[in-house]
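Enquirer: Here you go, coords_37.cif (mmCIF, C-alpha atoms and all ligand atoms):
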```cif
data_coords
#
loop_
_atom_site.label_atom_id
_atom_site.label_comp_id
_atom_site.auth_asym_id
_atom_site.auth_seq_id
_atom_site.Cartn_x
_atom_site.Cartn_y
_atom_site.Cartn_z
CA MET A 1 67.53 104.36 108.45
CA LEU A 2 70.29 101.80 108.83
CA GLN A 3 69.27 98.21 109.41
CA VAL A 4 71.75 96.08 111.39
CA VAL A 5 71.61 92.28 111.31
CA ALA A 6 73.64 89.79 113.35
CA VAL A 7 75.34 86.87 111.62
CA PRO A 8 76.69 84.32 114.12
CA ALA A 9 80.12 82.90 113.24
CA PHE A 10 82.49 80.37 114.84
CA THR A 11 81.46 79.65 118.45
CA ASP A 12 80.53 83.10 119.75
CA ASN A 13 81.43 85.77 117.16
CA TYR A 14 78.96 88.14 115.58
CA ILE A 15 79.49 89.55 112.10
CA TRP A 16 77.22 92.58 111.56
CA LEU A 17 75.53 93.39 108.26
CA VAL A 18 74.66 97.08 107.91
CA HIS A 19 72.11 97.85 105.23
CA ASP A 20 71.01 101.21 103.87
CA GLU A 21 67.73 100.78 102.03
CA ALA A 22 67.90 104.15 100.24
CA SER A 23 71.20 103.48 98.46
CA GLY A 24 70.97 99.68 98.50
CA GLU A 25 74.46 99.52 100.03
CA THR A 26 75.45 96.86 102.54
CA ALA A 27 78.56 96.91 104.72
CA VAL A 28 79.87 93.89 106.61
CA VAL A 29 81.54 94.54 109.95
CA ASP A 30 84.32 92.12 110.97
CA PRO A 31 83.82 89.15 108.64
CA GLY A 32 86.02 86.57 110.34
CA ASP A 33 84.37 84.09 107.97
CA ALA A 34 82.99 85.19 104.60
CA ALA A 35 80.60 82.29 103.98
CA PRO A 36 77.90 83.02 106.60
CA ALA A 37 78.00 86.78 105.87
CA LEU A 38 77.61 86.22 102.11
CA ALA A 39 74.84 83.66 102.66
CA GLU A 40 72.85 86.04 104.87
CA ALA A 41 73.30 88.96 102.42
CA GLN A 42 72.18 86.76 99.55
CA ARG A 43 69.18 85.46 101.48
CA ARG A 44 68.05 89.07 101.99
CA GLY A 45 68.86 90.13 98.41
CA TRP A 46 71.49 92.60 99.66
CA THR A 47 74.61 93.58 97.70
CA VAL A 48 77.77 93.86 99.80
CA THR A 49 79.75 96.96 98.84
CA GLN A 50 82.03 97.42 101.87
CA VAL A 51 83.86 95.59 104.64
CA TRP A 52 84.72 97.46 107.84
CA ASN A 53 87.19 95.98 110.34
CA THR A 54 87.53 97.06 113.96
CA HIS A 55 90.86 95.23 114.48
CA HIS A 56 93.18 92.68 112.91
CA HIS A 57 92.36 89.46 114.81
CA TRP A 58 91.66 86.55 112.42
CA ASP A 59 88.15 85.99 113.76
CA HIS A 60 87.30 89.54 112.62
CA SER A 61 89.28 89.91 109.37
CA GLY A 62 89.90 86.32 108.19
CA GLY A 63 87.10 86.53 105.61
CA ASN A 64 88.19 89.87 104.07
CA ILE A 65 89.86 88.44 100.98
CA ALA A 66 87.03 86.02 100.23
CA MET A 67 84.49 88.86 100.69
CA LYS A 68 86.46 90.99 98.25
CA GLU A 69 86.78 88.19 95.70
CA ALA A 70 83.05 87.41 95.89
CA THR A 71 81.73 90.99 95.80
CA GLY A 72 84.48 93.44 94.75
CA CYS A 73 83.80 95.36 97.99
CA THR A 74 86.07 98.02 99.47
CA VAL A 75 87.85 97.06 102.72
CA SER A 76 88.36 99.70 105.42
CA GLY A 77 90.37 98.86 108.54
CA PRO A 78 92.66 100.33 111.21
CA ALA A 79 95.65 102.16 109.72
CA ALA A 80 97.99 100.87 112.43
CA GLU A 81 97.24 97.16 111.91
CA ASN A 82 97.88 94.48 109.30
CA ILE A 83 94.45 94.12 107.65
CA PRO A 84 94.05 91.62 104.77
CA GLY A 85 92.98 93.38 101.54
CA ARG A 86 92.70 96.83 103.11
CA ASP A 87 91.87 99.66 100.67
CA VAL A 88 91.12 102.44 103.16
CA ALA A 89 93.25 103.06 106.28
CA LEU A 90 91.17 104.24 109.25
CA LEU A 91 92.56 106.82 111.64
CA GLU A 92 90.91 108.89 114.39
CA GLY A 93 88.29 111.25 112.97
CA ARG A 94 88.18 109.72 109.50
CA GLU A 95 84.70 109.71 107.95
CA LEU A 96 83.08 106.45 106.85
CA ARG A 97 80.01 106.52 104.61
CA ILE A 98 77.22 104.17 103.66
CA GLY A 99 74.65 105.83 101.42
CA ASP A 100 73.83 109.18 103.04
CA HIS A 101 74.87 107.99 106.52
CA ALA A 102 78.14 109.35 107.84
CA GLY A 103 80.13 107.61 110.54
CA ARG A 104 83.41 108.51 112.16
CA VAL A 105 86.39 106.54 113.35
CA MET A 106 87.37 106.59 117.03
CA GLU A 107 90.68 104.99 118.01
CA ILE A 108 90.10 102.79 121.07
CA PRO A 109 93.38 100.96 121.83
CA GLY A 110 93.72 98.27 124.53
CA HIS A 111 92.56 94.93 123.14
CA THR A 112 94.84 95.63 120.16
CA LEU A 113 96.89 98.79 119.63
CA GLY A 114 95.16 99.98 116.46
CA HIS A 115 91.60 98.97 117.42
CA VAL A 116 88.92 101.37 116.17
CA ALA A 117 85.22 101.94 116.83
CA LEU A 118 82.93 103.01 113.98
CA ILE A 119 80.39 105.52 115.22
CA PHE A 120 77.26 106.64 113.38
CA GLU A 121 76.25 109.31 115.83
CA ALA A 122 73.12 110.55 114.03
CA ASP A 123 71.88 106.94 113.77
CA ARG A 124 72.85 106.20 117.40
CA ILE A 125 74.83 103.14 116.32
CA ALA A 126 78.43 102.17 117.18
CA PHE A 127 80.49 99.11 116.28
CA VAL A 128 82.92 98.51 119.10
CA GLY A 129 84.60 95.20 118.17
CA ASP A 130 86.36 93.51 121.08
CA THR A 131 86.87 96.62 123.22
CA LEU A 132 83.55 96.87 125.06
CA PHE A 133 81.31 93.85 125.58
CA ALA A 134 77.92 93.84 127.27
CA MET A 135 78.81 94.00 131.01
CA GLY A 136 82.47 93.36 130.16
CA CYS A 137 85.48 94.31 128.05
CA GLY A 138 88.10 92.72 125.84
CA ARG A 139 91.33 91.20 127.08
CA LEU A 140 94.49 93.30 127.01
CA PHE A 141 96.41 91.52 124.26
CA GLU A 142 98.47 94.49 123.08
CA GLY A 143 97.60 97.61 125.05
CA THR A 144 97.79 98.73 128.68
CA ALA A 145 95.12 99.03 131.35
CA GLN A 146 95.35 102.83 131.10
CA GLN A 147 94.69 102.71 127.36
CA MET A 148 91.77 100.30 127.69
CA ARG A 149 90.13 102.26 130.48
CA GLY A 150 90.49 105.46 128.42
CA SER A 151 88.88 103.72 125.44
CA LEU A 152 85.93 102.47 127.52
CA GLN A 153 85.45 105.94 129.00
CA ARG A 154 85.28 107.48 125.52
CA LEU A 155 82.63 104.96 124.45
CA ALA A 156 80.68 105.57 127.67
CA GLU A 157 80.58 109.29 126.87
CA LEU A 158 78.59 108.69 123.68
CA PRO A 159 74.88 109.63 123.81
CA GLU A 160 73.22 107.21 126.24
CA ASP A 161 70.76 105.87 123.65
CA THR A 162 73.60 104.76 121.34
CA ALA A 163 73.31 101.06 120.45
CA LEU A 164 76.64 99.27 120.89
CA TYR A 165 77.34 96.31 118.60
CA CYS A 166 80.06 94.07 120.06
CA GLY A 167 82.12 91.32 118.44
CA HIS A 168 81.15 88.41 120.69
CA GLU A 169 78.28 86.86 122.66
CA TYR A 170 79.97 86.98 126.09
CA THR A 171 77.13 88.63 128.01
CA LEU A 172 76.15 85.76 130.32
CA ALA A 173 79.70 85.06 131.56
CA ASN A 174 80.32 88.80 131.87
CA GLY A 175 77.09 89.23 133.83
CA ARG A 176 78.11 86.55 136.32
CA PHE A 177 81.40 88.31 136.91
CA ALA A 178 79.65 91.70 137.18
CA ALA A 179 77.25 90.29 139.81
CA HIS A 180 80.25 88.84 141.69
CA VAL A 181 82.10 92.17 141.89
CA GLU A 182 78.99 94.35 142.45
CA PRO A 183 76.67 92.11 144.51
CA GLY A 184 74.58 95.12 145.63
CA ASN A 185 73.89 96.43 142.11
CA GLY A 186 70.21 95.70 141.35
CA ALA A 187 70.53 96.70 137.69
CA ILE A 188 73.19 94.02 137.20
CA ALA A 189 71.10 91.38 139.01
CA ARG A 190 68.05 92.16 136.86
CA ARG A 191 70.03 92.19 133.65
CA LEU A 192 71.78 88.92 134.50
CA GLU A 193 68.38 87.26 134.95
CA GLU A 194 67.15 88.61 131.58
CA VAL A 195 70.32 87.54 129.81
CA ALA A 196 70.17 84.04 131.32
CA GLN A 197 66.62 83.67 129.94
CA LEU A 198 67.61 84.93 126.49
CA ARG A 199 70.57 82.55 126.30
CA ALA A 200 68.50 79.60 127.57
CA ALA A 201 66.19 80.32 124.61
CA GLY A 202 69.17 80.52 122.23
CA LYS A 203 68.65 84.25 121.65
CA ILE A 204 71.14 87.07 121.09
CA THR A 205 71.75 89.56 123.93
CA LEU A 206 73.08 92.37 121.73
CA PRO A 207 73.16 95.21 120.93
CA THR A 208 73.59 96.83 124.30
CA THR A 209 73.32 100.58 124.93
CA VAL A 210 75.58 103.19 126.47
CA ALA A 211 72.99 103.74 129.24
CA GLN A 212 72.91 100.02 130.13
CA GLU A 213 76.69 99.79 130.21
CA ARG A 214 77.00 102.84 132.47
CA GLU A 215 74.72 101.04 134.94
CA THR A 216 75.88 97.44 134.67
CA ASN A 217 79.44 97.23 133.31
CA PRO A 218 82.02 97.13 136.15
CA PHE A 219 84.84 97.96 133.71
CA VAL A 220 83.04 101.13 132.58
CA ARG A 221 82.14 101.92 136.20
CA ALA A 222 85.71 101.53 137.56
CA SER A 223 86.71 104.86 139.10
CA SER A 224 90.41 104.67 138.25
CA TRP A 225 92.67 102.79 135.89
CA GLU A 226 94.11 100.93 138.87
CA GLU A 227 90.66 99.65 139.79
CA PHE A 228 90.06 98.78 136.16
CA ALA A 229 93.38 96.84 136.03
CA ARG A 230 92.49 94.90 139.19
CA LEU A 231 89.07 93.95 137.75
CA ARG A 232 90.59 92.94 134.42
CA SER A 233 93.12 90.60 136.01
CA GLU A 234 90.48 89.16 138.36
CA LYS A 235 88.21 88.49 135.36
CA ASP A 236 91.05 86.75 133.49
CA SER A 237 91.04 83.98 136.11
CA PHE A 238 87.34 84.10 137.12
CA ARG A 239 85.39 80.86 136.80
CA SER A 240 81.66 81.35 137.11
ZN ZN B 301 89.92 90.39 119.06
#
```
As a first step, turn the structure in this file into structure tokens.
Expert:
Amino acid sequence: MLQVVAVPAFTDNYIWLVHDEASGETAVVDPGDAAPALAEAQRRGWTVTQVWNTHHHWDHSGGNIAMKEATGCTVSGPAAENIPGRDVALLEGRELRIGDHAGRVMEIPGHTLGHVALIFEADRIAFVGDTLFAMGCGRLFEGTAQQMRGSLQRLAELPEDTALYCGHEYTLANGRFAAHVEPGNGAIARRLEEVAQLRAAGKITLPTTVAQERETNPFVRASSWEEFARLRSEKDSFRS
């Protein structure tokens, strides 16, 4: 079994520690800052052997070099992007291993052009970076609306009990926008209430699941790329 632990970083980032008890290996997903990730691994007595990056943004890869210097870990990141300290270039279909657990790389462009998801299908776990957020999606910094919608659709086609680990705690703001664009959607209203309570208590709202996103994420639910593009630009200027 893989154990996944959230490490908060900066204002709203999550770095994910992935631990395989059988092999004793630990991977760190998107260490924008090495210090909190190393501190949490040390606190748990875990040895970091790998870093996995979903995309090049500094708040996801800025700690790569320090992680490598501190642990001698191997860094895997998107082949198409400039990843500090990268040892292994990730392309569609490439296998990623931790202990006996095999994951695969899915290219999901839109937020950045080389953005990848890391999918451990047998474990029902996926790391989706800044492409899909709970009830929302990433901004289109490099890619097009068509690309981003295609990427979200691919993630939404994963088994519905797959846990999705996103790069940021944006769920409350996303939920307010979702309720604004789908006022008649009871699943969104209920989830927004739950999320508001969790955040008021200072608690994390992730991971989400494929099933939840199919029901409550307007960007996943958009029926065409044109509708997706309209929602994305509306969200860019939405003030809740
Ligand atoms: Zn990003």
Enquirer: What is the distance, in Å and to one decimal place, between CA of Leu2 in chain A and CA of Val18 in chain A?
Expert: 6.5 Å
Enquirer: Taking only C-alpha atoms and all ligand atoms into account, which residues have an atom no farther than 8 Å from ligand ZN 301 (chain B)? I'd like them as a PyMOL selection string.
Expert: chain A and resi 55-60+111-112+129-130+138+167
Enquirer: Next, the residues of the selection above should be written as a CSV table (one decimal), in the coordinates of the input with C-alpha atoms.
Expert:
```csv
chain,number,residue,atom,x,y,z
A,55,HIS,CA,90.9,95.2,114.5
A,56,HIS,CA,93.2,92.7,112.9
A,57,HIS,CA,92.4,89.5,114.8
A,58,TRP,CA,91.7,86.6,112.4
A,59,ASP,CA,88.2,86.0,113.8
A,60,HIS,CA,87.3,89.5,112.6
A,111,HIS,CA,92.6,94.9,123.1
A,112,THR,CA,94.8,95.6,120.2
A,129,GLY,CA,84.6,95.2,118.2
A,130,ASP,CA,86.4,93.5,121.1
A,138,GLY,CA,88.1,92.7,125.8
A,167,GLY,CA,82.1,91.3,118.4
```
Enquirer: Nearest to Gly72 in chain A: which of A:Asn185, A:Thr209, A:Thr47, A:Thr216 is it, counting all atoms listed in the file?
Expert: A:Thr47
Enquirer: Name the closest residue to Gly62 in chain A among the candidates A:Ile15, A:Leu164, A:Ala41, A:Ile108; distances are taken between atoms, counting all atoms listed in the file.
Expert: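 Smallest separation from Gly62 in chain A among the options: A:Ile15.
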Enquirer: Please provide the set of residues having any atom within 12 Å of Arg230 in chain A, restricted to only C-alpha atoms, with same-chain residues fewer than 4 positions apart removed, written as a list in words.
Expert: Ala145, Gln146, Arg149, Val181, Pro218, Phe219, Ala222, Ser223, Ser224, Trp225, Glu226, Glu234, Lys235, Asp236 and Ser237 of chain A
Enquirer: Residues at most 8 Å from range 74-86 of chain A, counting all atoms listed in the file, excluding those fewer than 4 positions away in the same chain, as an NGL selection string?
Expert: :A and (49-56 or 61-62 or 64-65 or 68 or 90-91 or 113-116)
Enquirer: Please return as an NGL selection string every residue within 10 Å of (76.6, 87.6, 126.9), taking into account only C-alpha atoms and the file's own coordinates.
Expert: :A and (12 or 133-136 or 168-176 or 192 or 195-196 or 198-199 or 204-206)
Enquirer: By how many Å are CA of Ala27 in chain A and CA of Met106 in chain A apart?
Expert: 18.0 Å
Enquirer: So how many Å separate CA of Glu213 in chain A and CA of Gly150 in chain A, to one decimal?
Expert: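 Computed distance, CA of Glu213 in chain A to CA of Gly150 in chain A, equals 15.0 Å.
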Enquirer: Would you please work out which residue, of A:Thr144, A:Leu132, A:Arg232, A:Ala9, is nearest to Thr208 in chain A when using all atoms listed in the file?
Expert: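 Distance minimum relative to Thr208 in chain A lands on A:Leu132.
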Enquirer: Given all atoms listed in the file as the basis, pick out the residue of A:Val210, A:Leu231, A:Gln42, A:His19 nearest to Pro159 in chain A.
Expert: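 The closest residue to Pro159 in chain A is A:Val210.
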Enquirer: Point out the residue among A:Ala229, A:Ile125, A:Ala6, A:Cys73 with the least atom-to-atom distance to Glu25 in chain A, counting only C-alpha atoms.
Expert: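 Of the candidates, the smallest distance to Glu25 in chain A is held by A:Cys73.
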Enquirer: Which residue out of A:Ala178, A:Val29, A:Val48, A:Val220 has the minimum interatomic distance to Ala117 in chain A when only C-alpha atoms are used?
Expert: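 Ranked by minimum distance to Ala117 in chain A, first place goes to A:Val29.
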Enquirer: Do you know which residues are at most 8 Å from Ala37 in chain A counting only C-alpha atoms, after dropping those on the same chain fewer than 2 positions away, and could you put them as a list in words?
Expert: Val7, Ile15, Leu17, Val28, Pro31, Asp33, Ala34, Ala35, Ala39, Glu40 and Ala41 of chain A
